[in-house]
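*Asks:* This is final.txt (compact mmCIF, C-alpha atoms).
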```txt
# COMPACT_ATOMS: atom_id res chain seq x y z
CA MET A 1 20.38 3.26 25.13
CA VAL A 2 17.51 5.32 26.62
CA ARG A 3 17.54 4.94 30.39
CA ALA A 4 14.48 5.07 32.65
CA GLY A 5 13.24 8.63 32.88
CA ASP A 6 15.27 9.75 29.85
CA THR A 7 13.85 10.65 26.45
CA ALA A 8 15.31 11.40 23.04
CA LEU A 9 13.60 13.28 20.22
CA ARG A 10 14.07 11.93 16.68
CA GLU A 11 13.25 14.36 13.87
CA ASP A 12 12.32 13.84 10.21
CA VAL A 13 11.30 10.24 10.84
CA PRO A 14 9.65 8.49 7.86
CA CYS A 15 6.39 6.65 8.52
CA PRO A 16 6.14 3.33 6.63
CA PHE A 17 2.53 2.60 7.55
CA CYS A 18 0.65 4.24 4.64
CA GLY A 19 1.38 5.07 1.03
CA LEU A 20 2.18 8.74 1.73
CA ALA A 21 5.31 7.71 3.66
CA CYS A 22 5.40 11.11 5.42
CA ASP A 23 8.99 11.87 6.39
CA ASP A 24 8.47 14.80 8.75
CA LEU A 25 7.48 13.04 11.98
CA GLU A 26 8.97 13.89 15.35
CA ILE A 27 9.12 10.84 17.61
CA GLU A 28 9.93 10.95 21.29
CA VAL A 29 11.85 7.82 22.24
CA GLY A 30 11.57 6.91 25.91
CA ALA A 31 12.28 3.89 28.04
CA ASP A 32 8.55 3.16 28.18
CA GLY A 33 7.90 3.44 24.44
CA LEU A 34 7.47 5.88 21.57
CA ALA A 35 5.25 8.95 21.25
CA VAL A 36 4.48 10.89 18.08
CA ARG A 37 4.95 14.59 18.92
CA ARG A 38 4.54 16.14 15.44
CA GLY A 39 3.35 15.10 12.01
CA GLY A 40 1.26 12.23 13.24
CA CYS A 41 -2.06 10.82 12.07
CA PRO A 42 -4.29 8.06 13.46
CA ILE A 43 -2.40 5.41 11.49
CA SER A 44 1.11 6.51 12.51
CA ARG A 45 0.21 7.08 16.14
CA ALA A 46 -1.38 3.63 16.44
CA ALA A 47 1.68 2.00 14.87
CA PHE A 48 4.51 3.91 16.54
CA GLU A 49 2.87 4.04 19.96
CA ARG A 50 1.84 0.38 19.98
CA ALA A 51 3.49 -1.30 22.93
CA LEU A 52 4.86 -4.75 22.11
CA PRO A 53 4.52 -7.44 24.78
CA ALA A 54 7.59 -8.52 26.69
CA ASP A 55 7.10 -12.12 25.54
CA SER A 56 8.63 -12.27 22.08
CA ARG A 57 9.04 -16.03 21.87
CA ALA A 58 8.26 -18.01 18.76
CA ARG A 59 5.27 -20.36 18.86
CA LEU A 60 4.36 -23.71 17.37
CA ALA A 61 0.57 -24.17 17.14
CA GLY A 62 0.19 -21.59 19.90
CA GLU A 63 2.76 -23.07 22.27
CA PRO A 64 5.92 -21.03 23.03
CA CYS A 65 9.09 -22.64 21.77
CA ALA A 66 12.73 -21.97 21.02
CA ARG A 67 13.28 -19.90 17.90
CA LYS A 68 15.47 -22.61 16.36
CA ALA A 69 12.65 -25.14 16.68
CA ALA A 70 10.23 -22.77 14.94
CA ILE A 71 12.72 -22.13 12.13
CA GLU A 72 13.25 -25.86 11.63
CA ARG A 73 9.49 -26.54 11.59
CA ALA A 74 8.99 -23.77 9.00
CA ALA A 75 11.71 -25.35 6.85
CA GLN A 76 10.03 -28.76 7.17
CA ILE A 77 6.68 -27.34 6.02
CA LEU A 78 8.22 -25.58 3.02
CA GLY A 79 10.40 -28.56 2.14
CA ALA A 80 7.31 -30.78 1.91
CA SER A 81 5.15 -28.23 0.10
CA ARG A 82 4.36 -28.49 -3.61
CA LEU A 83 2.88 -24.99 -3.97
CA PRO A 84 3.78 -22.64 -1.11
CA LEU A 85 2.32 -19.13 -1.17
CA PHE A 86 4.41 -16.17 0.03
CA GLY A 87 1.73 -13.60 0.77
CA GLY A 88 1.23 -10.43 2.76
CA LEU A 89 4.73 -9.15 1.97
CA ALA A 90 4.12 -6.21 4.31
CA ALA A 91 7.82 -5.64 4.89
CA ASP A 92 10.73 -3.44 3.89
CA VAL A 93 12.51 -3.99 0.57
CA ALA A 94 15.13 -6.32 2.07
CA GLY A 95 12.39 -8.47 3.59
CA ILE A 96 10.58 -8.65 0.27
CA ARG A 97 13.78 -9.65 -1.50
CA GLY A 98 14.21 -12.36 1.10
CA ALA A 99 10.71 -13.67 0.36
CA LEU A 100 11.45 -13.67 -3.37
CA ALA A 101 14.69 -15.60 -2.85
CA LEU A 102 13.01 -18.20 -0.64
CA ALA A 103 10.07 -18.54 -3.04
CA ASP A 104 12.56 -19.15 -5.84
CA ARG A 105 14.28 -21.79 -3.70
CA VAL A 106 11.09 -23.78 -2.99
CA GLY A 107 9.06 -23.07 -6.13
CA GLY A 108 6.53 -20.77 -4.49
CA VAL A 109 4.17 -17.98 -5.55
CA VAL A 110 4.53 -14.35 -4.41
CA ASP A 111 1.71 -11.85 -3.95
CA HIS A 112 1.16 -8.80 -1.74
CA GLY A 113 -1.85 -8.48 0.54
CA GLY A 114 -2.77 -5.14 -1.06
CA SER A 115 -2.21 -6.05 -4.69
CA ALA A 116 -5.88 -5.93 -5.76
CA GLY A 117 -5.78 -2.14 -6.10
CA LEU A 118 -2.32 -2.26 -7.66
CA PHE A 119 -3.44 -4.60 -10.43
CA ALA A 120 -6.56 -2.54 -11.13
CA ASP A 121 -4.24 0.40 -11.85
CA LEU A 122 -1.82 -1.76 -13.83
CA THR A 123 -4.68 -2.83 -16.12
CA ALA A 124 -5.05 0.72 -17.44
CA LEU A 125 -1.28 1.19 -17.62
CA ARG A 126 -0.91 -2.02 -19.62
CA ASP A 127 -3.89 -1.58 -21.94
CA ILE A 128 -3.77 2.10 -22.92
CA GLY A 129 -1.01 3.78 -20.90
CA MET A 130 -1.45 6.27 -18.09
CA ILE A 131 -0.13 9.79 -17.53
CA THR A 132 0.69 9.89 -13.84
CA THR A 133 2.12 12.41 -11.42
CA THR A 134 3.81 12.44 -8.02
CA PHE A 135 2.88 13.80 -4.63
CA SER A 136 5.50 16.53 -5.06
CA GLU A 137 4.09 17.62 -8.42
CA VAL A 138 0.60 17.80 -6.94
CA ARG A 139 1.94 19.88 -4.07
CA ASN A 140 3.72 22.33 -6.36
CA ARG A 141 1.40 22.56 -9.38
CA CYS A 142 -2.12 21.19 -8.84
CA ASP A 143 -4.92 23.78 -8.80
CA LEU A 144 -7.84 21.34 -9.20
CA LEU A 145 -7.94 17.91 -7.57
CA LEU A 146 -10.80 15.59 -8.54
CA ILE A 147 -11.21 12.62 -6.22
CA VAL A 148 -13.24 9.78 -7.71
CA GLY A 149 -14.80 7.07 -5.55
CA PRO A 150 -14.78 6.67 -1.77
CA ASP A 151 -12.99 9.16 0.46
CA PRO A 152 -9.29 8.14 0.55
CA LEU A 153 -8.56 9.81 3.90
CA PRO A 154 -8.98 6.56 5.90
CA LEU A 155 -6.05 5.20 3.87
CA MET A 156 -4.02 8.44 3.83
CA PRO A 157 -5.14 10.77 6.63
CA ARG A 158 -2.60 13.51 5.77
CA LEU A 159 -3.24 13.51 2.01
CA PHE A 160 -4.48 17.12 1.81
CA GLU A 161 -2.01 18.43 4.36
CA ARG A 162 0.90 16.95 2.43
CA CYS A 163 -0.28 17.42 -1.16
CA LEU A 164 -2.44 20.58 -1.07
CA PRO A 165 -0.77 22.84 1.50
CA ALA A 166 -1.40 26.54 1.87
CA GLY A 167 1.46 28.99 1.34
CA PRO A 168 4.31 29.24 -1.19
CA THR A 169 5.14 26.40 -3.54
CA LEU A 170 8.13 25.75 -5.77
CA PHE A 171 6.58 27.65 -8.67
CA ALA A 172 4.18 30.05 -6.91
CA ALA A 173 5.58 32.38 -4.26
CA ASP A 174 2.06 33.49 -3.30
CA GLY A 175 0.70 29.95 -3.19
CA ILE A 176 -1.87 28.27 -5.42
CA GLU A 177 -5.61 28.81 -5.31
CA ARG A 178 -6.77 25.24 -4.91
CA ARG A 179 -10.07 23.59 -5.71
CA LEU A 180 -11.20 20.13 -4.59
CA VAL A 181 -14.06 18.20 -6.21
CA ARG A 182 -15.31 14.87 -4.90
CA LEU A 183 -17.26 12.49 -7.13
CA GLY A 184 -18.49 9.38 -5.39
CA PRO A 185 -20.37 7.86 -2.47
CA ASP A 186 -20.88 10.15 0.54
CA ALA A 187 -18.97 12.89 -1.30
CA ALA A 188 -21.02 15.63 0.34
CA ALA A 189 -20.37 14.29 3.84
CA ALA A 190 -16.56 14.12 3.54
CA PRO A 191 -14.71 16.82 5.50
CA ALA A 192 -13.37 19.88 3.70
CA PRO A 193 -9.59 20.31 4.08
CA SER A 194 -8.52 23.69 5.43
CA PRO A 195 -5.78 24.45 2.82
CA VAL A 196 -8.32 24.26 -0.04
CA GLN A 197 -10.13 27.48 -0.95
CA ARG A 198 -13.06 25.88 -2.75
CA CYS A 199 -14.68 22.46 -2.28
CA SER A 200 -17.62 20.89 -4.08
CA ALA A 201 -19.19 17.46 -4.28
CA ILE A 202 -21.10 15.38 -6.82
CA PRO A 203 -22.62 12.52 -4.79
CA CYS A 204 -23.30 9.25 -6.57
CA GLY A 205 -23.46 5.62 -5.56
CA ALA A 206 -20.69 3.15 -6.31
CA ASP A 207 -22.81 1.60 -9.07
CA GLU A 208 -23.21 5.03 -10.70
CA LEU A 209 -19.52 5.89 -10.95
CA LEU A 210 -18.92 4.47 -14.42
CA PRO A 211 -22.00 6.11 -16.01
CA LYS A 212 -21.09 9.44 -14.37
CA LEU A 213 -17.52 9.25 -15.63
CA ALA A 214 -18.68 8.32 -19.12
CA ALA A 215 -21.05 11.30 -19.07
CA LEU A 216 -18.25 13.57 -17.83
CA ARG A 217 -15.97 12.44 -20.63
CA ALA A 218 -18.73 12.93 -23.23
CA THR A 219 -19.45 16.41 -21.85
CA LEU A 220 -15.76 17.29 -21.92
CA LYS A 221 -15.59 16.32 -25.60
CA GLY A 222 -18.84 18.08 -26.47
CA ARG A 223 -20.67 14.83 -27.21
CA ALA A 224 -23.22 14.72 -24.43
CA PRO A 225 -26.71 13.85 -25.77
CA PRO A 226 -28.98 16.93 -26.05
CA GLY A 227 -31.20 17.34 -23.02
CA ALA A 228 -29.21 14.76 -21.02
CA THR A 229 -26.51 17.05 -19.67
CA ASP A 230 -25.91 17.19 -15.93
CA PRO A 231 -25.25 20.80 -14.77
CA ALA A 232 -22.76 19.61 -12.15
CA LEU A 233 -20.83 17.56 -14.71
CA THR A 234 -20.97 20.42 -17.23
CA GLU A 235 -19.46 22.79 -14.66
CA LEU A 236 -16.81 20.22 -13.71
CA ALA A 237 -15.87 19.64 -17.35
CA GLY A 238 -15.39 23.39 -17.81
CA ALA A 239 -13.28 23.59 -14.65
CA LEU A 240 -11.09 20.70 -15.82
CA ARG A 241 -10.56 22.42 -19.17
CA THR A 242 -9.57 25.75 -17.67
CA ALA A 243 -7.45 24.50 -14.77
CA ARG A 244 -3.69 24.87 -15.24
CA TYR A 245 -2.83 21.47 -13.77
CA PRO A 246 -5.86 19.30 -12.91
CA VAL A 247 -5.19 15.97 -11.22
CA ILE A 248 -7.62 13.05 -10.94
CA ALA A 249 -7.05 10.78 -7.93
CA TRP A 250 -8.67 7.53 -6.87
CA ALA A 251 -7.97 4.59 -4.58
CA ALA A 252 -8.57 1.47 -6.68
CA GLY A 253 -8.42 -0.75 -3.61
CA MET A 254 -11.56 0.96 -2.26
CA LEU A 255 -13.56 0.60 -5.49
CA PRO A 256 -15.93 -2.29 -6.27
CA PRO A 257 -13.61 -5.09 -7.54
CA PRO A 258 -15.59 -5.88 -10.72
CA GLU A 259 -15.51 -2.22 -11.80
CA ALA A 260 -12.14 -0.99 -10.47
CA ASP A 261 -10.32 -1.90 -13.70
CA LEU A 262 -12.92 -0.13 -15.88
CA ILE A 263 -12.93 2.98 -13.69
CA GLY A 264 -9.14 3.18 -13.93
CA LEU A 265 -9.32 2.82 -17.71
CA CYS A 266 -12.00 5.53 -17.96
CA LEU A 267 -9.97 7.95 -15.84
CA ALA A 268 -6.80 7.28 -17.84
CA GLU A 269 -8.76 8.08 -21.02
CA LEU A 270 -10.20 11.21 -19.42
CA VAL A 271 -6.75 12.50 -18.54
CA ARG A 272 -5.50 11.68 -22.02
CA ASP A 273 -8.37 13.76 -23.43
CA LEU A 274 -7.40 16.71 -21.20
CA ASN A 275 -3.79 16.53 -22.35
CA ARG A 276 -4.75 17.16 -25.96
CA ALA A 277 -5.14 20.86 -25.17
CA GLY A 278 -3.54 21.29 -21.75
CA ARG A 279 -1.79 19.44 -18.99
CA ALA A 280 -3.39 16.97 -16.56
CA ALA A 281 -2.38 13.83 -14.69
CA CYS A 282 -3.62 10.75 -12.85
CA LEU A 283 -2.77 10.08 -9.21
CA PRO A 284 -3.55 6.47 -8.25
CA LEU A 285 -3.69 6.30 -4.45
CA GLY A 286 -2.54 3.29 -2.50
CA GLY A 287 0.84 1.90 -1.60
CA GLY A 288 0.12 0.92 2.01
CA ALA A 289 2.29 -1.79 3.60
CA ASN A 290 4.96 -1.10 0.95
CA VAL A 291 3.00 -2.68 -1.91
CA ALA A 292 4.86 -0.33 -4.26
CA GLY A 293 8.16 -1.64 -2.89
CA ALA A 294 7.02 -5.24 -3.34
CA HIS A 295 6.02 -4.52 -6.93
CA GLN A 296 9.32 -2.77 -7.72
CA ALA A 297 11.45 -5.46 -6.08
CA CYS A 298 9.64 -8.23 -7.94
CA LEU A 299 10.13 -6.38 -11.24
CA TRP A 300 13.85 -5.84 -10.85
CA GLN A 301 14.53 -9.29 -9.38
CA THR A 302 12.50 -11.35 -11.85
CA GLY A 303 11.44 -9.11 -14.75
CA GLN A 304 7.83 -9.88 -13.77
CA PRO A 305 5.28 -8.10 -11.53
CA LEU A 306 3.80 -9.58 -8.38
CA ARG A 307 1.56 -12.63 -8.68
CA THR A 308 4.47 -14.59 -10.08
CA SER A 309 5.21 -18.29 -9.62
CA PHE A 310 8.63 -19.91 -9.44
CA GLY A 311 7.17 -23.43 -9.65
CA ALA A 312 8.16 -24.05 -13.28
CA GLY A 313 11.84 -23.33 -12.73
CA ALA A 314 11.60 -19.79 -14.10
CA PRO A 315 9.42 -16.82 -13.08
CA ARG A 316 5.93 -17.03 -14.59
CA HIS A 317 3.43 -14.21 -14.09
CA ASP A 318 -0.35 -14.49 -14.23
CA PRO A 319 -2.46 -11.84 -12.43
CA HIS A 320 -5.42 -14.22 -12.09
CA LEU A 321 -3.93 -17.67 -11.54
CA PHE A 322 -1.37 -16.51 -8.99
CA ALA A 323 -3.55 -14.16 -6.92
CA ALA A 324 -3.09 -15.10 -3.26
CA ARG A 325 -6.80 -15.01 -2.41
CA ARG A 326 -7.70 -17.27 -5.35
CA LEU A 327 -4.97 -19.79 -4.51
CA ILE A 328 -6.23 -20.00 -0.93
CA GLU A 329 -9.94 -20.08 -1.75
CA HIS A 330 -9.50 -22.82 -4.38
CA GLY A 331 -7.26 -24.92 -2.14
CA GLU A 332 -4.32 -24.82 -4.55
CA ALA A 333 -1.71 -23.52 -2.09
CA ASP A 334 -0.62 -26.19 0.38
CA ALA A 335 1.41 -23.88 2.66
CA VAL A 336 1.32 -20.14 3.36
CA VAL A 337 4.14 -17.87 4.50
CA TRP A 338 2.47 -14.59 5.47
CA THR A 339 4.58 -11.53 6.30
CA ALA A 340 2.94 -8.73 8.27
CA ALA A 341 5.77 -6.64 9.72
CA LEU A 342 3.94 -3.50 8.51
CA ASP A 343 0.46 -4.90 9.25
CA GLY A 344 -0.91 -5.11 5.70
CA GLY A 345 -4.49 -6.00 6.57
CA PRO A 346 -6.17 -9.27 7.49
CA LEU A 347 -5.29 -12.65 6.10
CA PRO A 348 -7.80 -14.31 3.79
CA PRO A 349 -9.70 -17.10 5.60
CA LEU A 350 -7.63 -20.29 5.72
CA SER A 351 -8.80 -23.88 5.99
CA PRO A 352 -7.71 -25.62 9.24
CA ASP A 353 -5.47 -28.06 7.37
CA LEU A 354 -3.52 -25.33 5.51
CA PRO A 355 -0.27 -24.74 7.45
CA LEU A 356 0.48 -21.07 8.09
CA ILE A 357 3.91 -19.62 8.83
CA LEU A 358 3.33 -16.11 10.16
CA LEU A 359 6.05 -13.45 10.41
CA ALA A 360 4.70 -10.53 12.42
CA PRO A 361 5.48 -8.38 15.48
CA PRO A 362 5.02 -9.96 18.93
CA GLY A 363 1.45 -9.76 20.17
CA THR A 364 -0.07 -10.28 16.73
CA GLU A 365 -3.22 -12.34 17.23
CA ARG A 366 -4.43 -14.93 14.76
CA SER A 367 -7.24 -17.43 15.26
CA PRO A 368 -6.70 -20.29 14.87
CA GLU A 369 -3.06 -20.11 15.87
CA PRO A 370 -0.59 -20.46 12.98
CA ALA A 371 1.43 -23.63 12.67
CA VAL A 372 4.54 -21.47 13.12
CA PHE A 373 4.69 -17.95 14.51
CA LEU A 374 8.01 -16.12 14.13
CA PRO A 375 8.15 -12.67 15.76
CA VAL A 376 9.94 -9.99 13.74
CA GLY A 377 10.81 -6.33 14.20
CA ARG A 378 8.95 -3.52 12.47
CA PRO A 379 10.96 -1.62 9.84
CA GLY A 380 11.55 1.93 11.02
CA ILE A 381 10.95 1.05 14.68
CA GLU A 382 12.90 -2.05 15.72
CA SER A 383 14.91 -2.54 12.52
CA ASP A 384 16.42 -0.59 9.64
CA GLY A 385 14.99 -0.86 6.15
CA GLN A 386 13.74 0.88 3.05
CA ILE A 387 10.26 1.43 1.61
CA PHE A 388 8.77 2.95 -1.55
CA ARG A 389 6.28 5.79 -1.42
CA GLY A 390 2.83 5.17 -2.91
CA ASP A 391 3.56 7.21 -6.05
CA ARG A 392 6.32 4.66 -6.78
CA VAL A 393 9.09 7.15 -7.49
CA VAL A 394 10.77 7.69 -4.12
CA ALA A 395 12.47 5.14 -1.84
CA LEU A 396 12.90 6.23 1.77
CA PRO A 397 15.44 4.81 4.24
CA LEU A 398 14.17 3.68 7.63
CA ALA A 399 16.30 3.64 10.76
CA ALA A 400 15.56 1.68 13.91
CA LEU A 401 14.35 4.03 16.63
CA ARG A 402 15.44 1.87 19.53
CA PRO A 403 17.59 -1.20 20.21
CA SER A 404 15.76 -4.51 19.88
CA ASP A 405 16.48 -8.23 19.92
CA LEU A 406 13.75 -8.83 17.35
CA PRO A 407 15.20 -10.05 14.04
CA SER A 408 14.22 -8.45 10.75
CA VAL A 409 12.05 -10.18 8.16
CA ALA A 410 15.06 -10.59 5.88
CA ALA A 411 17.12 -12.24 8.63
CA THR A 412 14.26 -14.58 9.56
CA LEU A 413 13.69 -15.73 5.98
CA ALA A 414 17.44 -16.23 5.55
CA GLU A 415 17.40 -18.51 8.63
CA ILE A 416 14.61 -20.59 7.09
CA ALA A 417 16.55 -20.83 3.82
CA GLU A 418 19.65 -21.95 5.74
CA ALA A 419 17.62 -24.62 7.59
CA LEU A 420 16.30 -25.86 4.24
CA GLU A 421 19.85 -26.15 2.91
CA GLY A 422 20.87 -28.05 6.03
CA SER A 423 18.05 -30.55 5.65
CA ALA A 424 18.58 -31.11 1.92
```
For the file at hand, write its structure as C-alpha cells.
*Replies:*
Amino acid sequence: MVRAGDTALREDVPCPFCGLACDDLEIEVGADGLAVRRGGCPISRAAFERALPADSRARLAGEPCARKAAIERAAQILGASRLPLFGGLAADVAGIRGALALADRVGGVVDHGGSAGLFADLTALRDIGMITTTFSEVRNRCDLLLIVGPDPLPLMPRLFERCLPAGPTLFAADGIERRLVRLGPDAAAAPAPSPVQRCSAIPCGADELLPKLAALRATLKGRAPPGATDPALTELAGALRTARYPVIAWAAGMLPPPEADLIGLCLAELVRDLNRAGRAACLPLGGGANVAGAHQACLWQTGQPLRTSFGAGAPRHDPHLFAARRLIEHGEADAVVWTAALDGGPLPPLSPDLPLILLAPPGTERSPEPAVFLPVGRPGIESDGQIFRGDRVVALPLAALRPSDLPSVAATLAEIAEALEGSA
C-alpha cells in the first residue's frame, strides 16, 4: 500500500494502450495517482495518468445501483436476447476469453472495435499470403522503411524510437544506416525521426495510392510504360532493390475502407516481388486495444477468427455478416455488450431501443446512458492481465500497479454468466 506522501517507482512496465506495447516504461506510483517518468508517449501518459473518479458504482439507465442489481439486469437482457453482440473487446486476454465463453452461452456474435484494419490485412494473407516481420526484426535488420498511407504516429507515437533506433543492433555493432520513405497524404509534412539518417517523401492523395503502388510495382519489374515513369518512383524502386532488408509498413485501419483490402494485396505482391532476388517484408501496423489478442484468442478457442457467431450451436465465421457495425446499423443485434477496459475507440451509433451493457472504467461517459454500466479495472493498472503486441508474435504480462476494488473484465463477465445460470 502506498501511503500519503510516499511514492514507488515501477520499472519495465508494459503499456497496453497501443499496438507497440512498449515494455520499458517507468511509472511512479503515488497515493494521488500514477505518473509516467520514462518511456512515455501522449497515449500512455493520458491512460496511466488518468484519474478515476471516487464513485465507482454500477448504474442502471444512469442511476447508481448495487453491483448485484446491475449484474442481474445484464443477465436478464442477455437471457431475453435472440442475437446479442459482444463488441469492443478492448480487454486483456482473460477478459476476451470471458466474452467468448458468454457469447457461446447465449448464442452471441463476437467482434473487436478495431477489426476493420485487421480484416483488411487478413484479406491479403488469405488470398495470396503475406511475408511479414516483427518489430524486433525491423529494429535489428531494416535499412529502408517505406510507410504507405497516412502517418501512423498518431496510432503508435514511439514507432521510430522503438523500431529504428540509433546505435548498435543485434547484427551491426556500428548501427545501421537507416532510410525512411513516406508515400501518402501529407507525407512531406510528417516529422522526420531523429534516428533516421535519410528521409524522403512522395506525397499523393488517398485516391492516388493504388495507382502509385501499381506504378511502383511496374517500375520495379521493368514494365513501366515508356515516357510514363515517375522519377521519384524510379528512385524508390532502385532503393528497394538495393536495400539489404527493406520493410513496407502501413496502417490498414487508417486507409479508405473500400481500398484498404486492395492496398494490402498490392503491398503483399510488391514484397513478394522483392523476395525473388533479395529479402523484404511487410509490417502491418495496428493492434491497439489488444485486437491482436482478441484475434488470437478467438482462433485458439473456436478455430475461427473474429466476426464469429455462436447462434447456430457451433462457431460460424463470416467477415461481412458478423461485423459489429453492420449488425448495429441494420438493426440485427438486439442487445450489445461492449467492453472498453482499454478504451478501444467510440461505439458505433446505437438506436435508443437497443439495450447496451457497457463494461468500462469508472468515469466513462456515454450518451445516452447505457441500460447497464458495470465499472471494471484497466489491465496493467488496476488488474493483472496479458496482451498481444501488434505484430502478433509476443504476449506480454501485465501486473496491477496499485490495489483496487474494481473487478476485472473476466470476473465481471463470469458474474453475468453465473446470474444467467441461476435464472435458468
*Asks:* With the cut-off set at 12 Å and counting only C-alpha atoms, tabulate each residue of stretch 2-90 of chain A with an atom at most that distance from an atom of stretch 276-285 of chain A, showing the nearest atom pair and its distance in Å to one decimal, ordered by chain and increasing number, as a Markdown table.
*Replies:*
```
| residue | atom | partner | partner_atom | distance |
| --- | --- | --- | --- | --- |
| A:Cys18 | CA | A:Leu285 | CA | 10.3 |
| A:Gly19 | CA | A:Leu285 | CA | 7.6 |
| A:Leu20 | CA | A:Leu285 | CA | 8.9 |
```
*Asks:* Can you work out the spacing between atom CA of A:Ile176 and atom CA of A:Ile131 in Å, to one decimal?
*Replies:*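 Computing the Euclidean distance for atom CA of A:Ile176 and atom CA of A:Ile131 yields 22.2 Å.
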*Asks:* Skip A:Val393 itself and residues of its chain fewer than 3 positions away, then list as number ranges by chain all residues within 12 Å of it, counting all atoms listed in the file.
*Replies:* A: 19-21, 132-137, 287, 292-293, 296, 387-390, 396
*Asks:* Store the residues picked out above in a file with C-alpha atoms, as a PDB file, in the frame of the given file.
*Replies:*
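As written to disk, result_17.pdb reads:
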```pdb
ATOM      1  CA  GLY A  19       1.380   5.070   1.030  1.00  0.00           C
ATOM      2  CA  LEU A  20       2.180   8.740   1.730  1.00  0.00           C
ATOM      3  CA  ALA A  21       5.310   7.710   3.660  1.00  0.00           C
ATOM      4  CA  THR A 132       0.690   9.890 -13.840  1.00  0.00           C
ATOM      5  CA  THR A 133       2.120  12.410 -11.420  1.00  0.00           C
ATOM      6  CA  THR A 134       3.810  12.440  -8.020  1.00  0.00           C
ATOM      7  CA  PHE A 135       2.880  13.800  -4.630  1.00  0.00           C
ATOM      8  CA  SER A 136       5.500  16.530  -5.060  1.00  0.00           C
ATOM      9  CA  GLU A 137       4.090  17.620  -8.420  1.00  0.00           C
ATOM     10  CA  GLY A 287       0.840   1.900  -1.600  1.00  0.00           C
ATOM     11  CA  ALA A 292       4.860  -0.330  -4.260  1.00  0.00           C
ATOM     12  CA  GLY A 293       8.160  -1.640  -2.890  1.00  0.00           C
ATOM     13  CA  GLN A 296       9.320  -2.770  -7.720  1.00  0.00           C
ATOM     14  CA  ILE A 387      10.260   1.430   1.610  1.00  0.00           C
ATOM     15  CA  PHE A 388       8.770   2.950  -1.550  1.00  0.00           C
ATOM     16  CA  ARG A 389       6.280   5.790  -1.420  1.00  0.00           C
ATOM     17  CA  GLY A 390       2.830   5.170  -2.910  1.00  0.00           C
ATOM     18  CA  LEU A 396      12.900   6.230   1.770  1.00  0.00           C
TER      19      LEU A 396
END
```
*Asks:* Need the neighbours of (-6.7, -16.5, -5.8): which residues are at most 12 Å away, counting all atoms listed in the file, as a PDB file with C-alpha atoms, in the coordinates of the input?
*Replies:*
```pdb
ATOM      1  CA  LEU A  85       2.320 -19.130  -1.170  1.00  0.00           C
ATOM      2  CA  GLY A  87       1.730 -13.600   0.770  1.00  0.00           C
ATOM      3  CA  VAL A 109       4.170 -17.980  -5.550  1.00  0.00           C
ATOM      4  CA  VAL A 110       4.530 -14.350  -4.410  1.00  0.00           C
ATOM      5  CA  ASP A 111       1.710 -11.850  -3.950  1.00  0.00           C
ATOM      6  CA  HIS A 112       1.160  -8.800  -1.740  1.00  0.00           C
ATOM      7  CA  GLY A 113      -1.850  -8.480   0.540  1.00  0.00           C
ATOM      8  CA  SER A 115      -2.210  -6.050  -4.690  1.00  0.00           C
ATOM      9  CA  ALA A 116      -5.880  -5.930  -5.760  1.00  0.00           C
ATOM     10  CA  ARG A 307       1.560 -12.630  -8.680  1.00  0.00           C
ATOM     11  CA  ASP A 318      -0.350 -14.490 -14.230  1.00  0.00           C
ATOM     12  CA  PRO A 319      -2.460 -11.840 -12.430  1.00  0.00           C
ATOM     13  CA  HIS A 320      -5.420 -14.220 -12.090  1.00  0.00           C
ATOM     14  CA  LEU A 321      -3.930 -17.670 -11.540  1.00  0.00           C
ATOM     15  CA  PHE A 322      -1.370 -16.510  -8.990  1.00  0.00           C
ATOM     16  CA  ALA A 323      -3.550 -14.160  -6.920  1.00  0.00           C
ATOM     17  CA  ALA A 324      -3.090 -15.100  -3.260  1.00  0.00           C
ATOM     18  CA  ARG A 325      -6.800 -15.010  -2.410  1.00  0.00           C
ATOM     19  CA  ARG A 326      -7.700 -17.270  -5.350  1.00  0.00           C
ATOM     20  CA  LEU A 327      -4.970 -19.790  -4.510  1.00  0.00           C
ATOM     21  CA  ILE A 328      -6.230 -20.000  -0.930  1.00  0.00           C
ATOM     22  CA  GLU A 329      -9.940 -20.080  -1.750  1.00  0.00           C
ATOM     23  CA  HIS A 330      -9.500 -22.820  -4.380  1.00  0.00           C
ATOM     24  CA  GLY A 331      -7.260 -24.920  -2.140  1.00  0.00           C
ATOM     25  CA  GLU A 332      -4.320 -24.820  -4.550  1.00  0.00           C
ATOM     26  CA  ALA A 333      -1.710 -23.520  -2.090  1.00  0.00           C
ATOM     27  CA  PRO A 348      -7.800 -14.310   3.790  1.00  0.00           C
ATOM     28  CA  PRO A 349      -9.700 -17.100   5.600  1.00  0.00           C
TER      29      PRO A 349
END
```
*Asks:* Go through stretch 321-366 of chain A residue by residue and, counting only C-alpha atoms, keep those with an atom at most 12 Å from stretch 404-409 of chain A; for each kept residue give the shortest atom pair and its distance in Å to one decimal, ordered by chain and increasing number, as a tab-separated table.
*Replies:*
```
residue	atom	partner	partner_atom	distance
A:Val337	CA	A:Val409	CA	11.6
A:Trp338	CA	A:Val409	CA	10.9
A:Thr339	CA	A:Val409	CA	7.8
A:Ala340	CA	A:Val409	CA	9.2
A:Ala341	CA	A:Val409	CA	7.4
A:Leu342	CA	A:Val409	CA	10.5
A:Leu358	CA	A:Val409	CA	10.7
A:Leu359	CA	A:Val409	CA	7.2
A:Ala360	CA	A:Val409	CA	8.5
A:Pro361	CA	A:Leu406	CA	8.5
A:Pro362	CA	A:Leu406	CA	8.9
```
*Asks:* Next, write the just-selected residues to a file, as an mmCIF file, in the frame of the given file, keeping C-alpha atoms as the atom set.
*Replies:*
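Contents of the output file part.cif:
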```cif
data_model
loop_
_atom_site.group_PDB
_atom_site.id
_atom_site.type_symbol
_atom_site.label_atom_id
_atom_site.label_comp_id
_atom_site.auth_asym_id
_atom_site.auth_seq_id
_atom_site.Cartn_x
_atom_site.Cartn_y
_atom_site.Cartn_z
ATOM 1 C CA VAL A 337 4.140 -17.870 4.500
ATOM 2 C CA TRP A 338 2.470 -14.590 5.470
ATOM 3 C CA THR A 339 4.580 -11.530 6.300
ATOM 4 C CA ALA A 340 2.940 -8.730 8.270
ATOM 5 C CA ALA A 341 5.770 -6.640 9.720
ATOM 6 C CA LEU A 342 3.940 -3.500 8.510
ATOM 7 C CA LEU A 358 3.330 -16.110 10.160
ATOM 8 C CA LEU A 359 6.050 -13.450 10.410
ATOM 9 C CA ALA A 360 4.700 -10.530 12.420
ATOM 10 C CA PRO A 361 5.480 -8.380 15.480
ATOM 11 C CA PRO A 362 5.020 -9.960 18.930
#
```
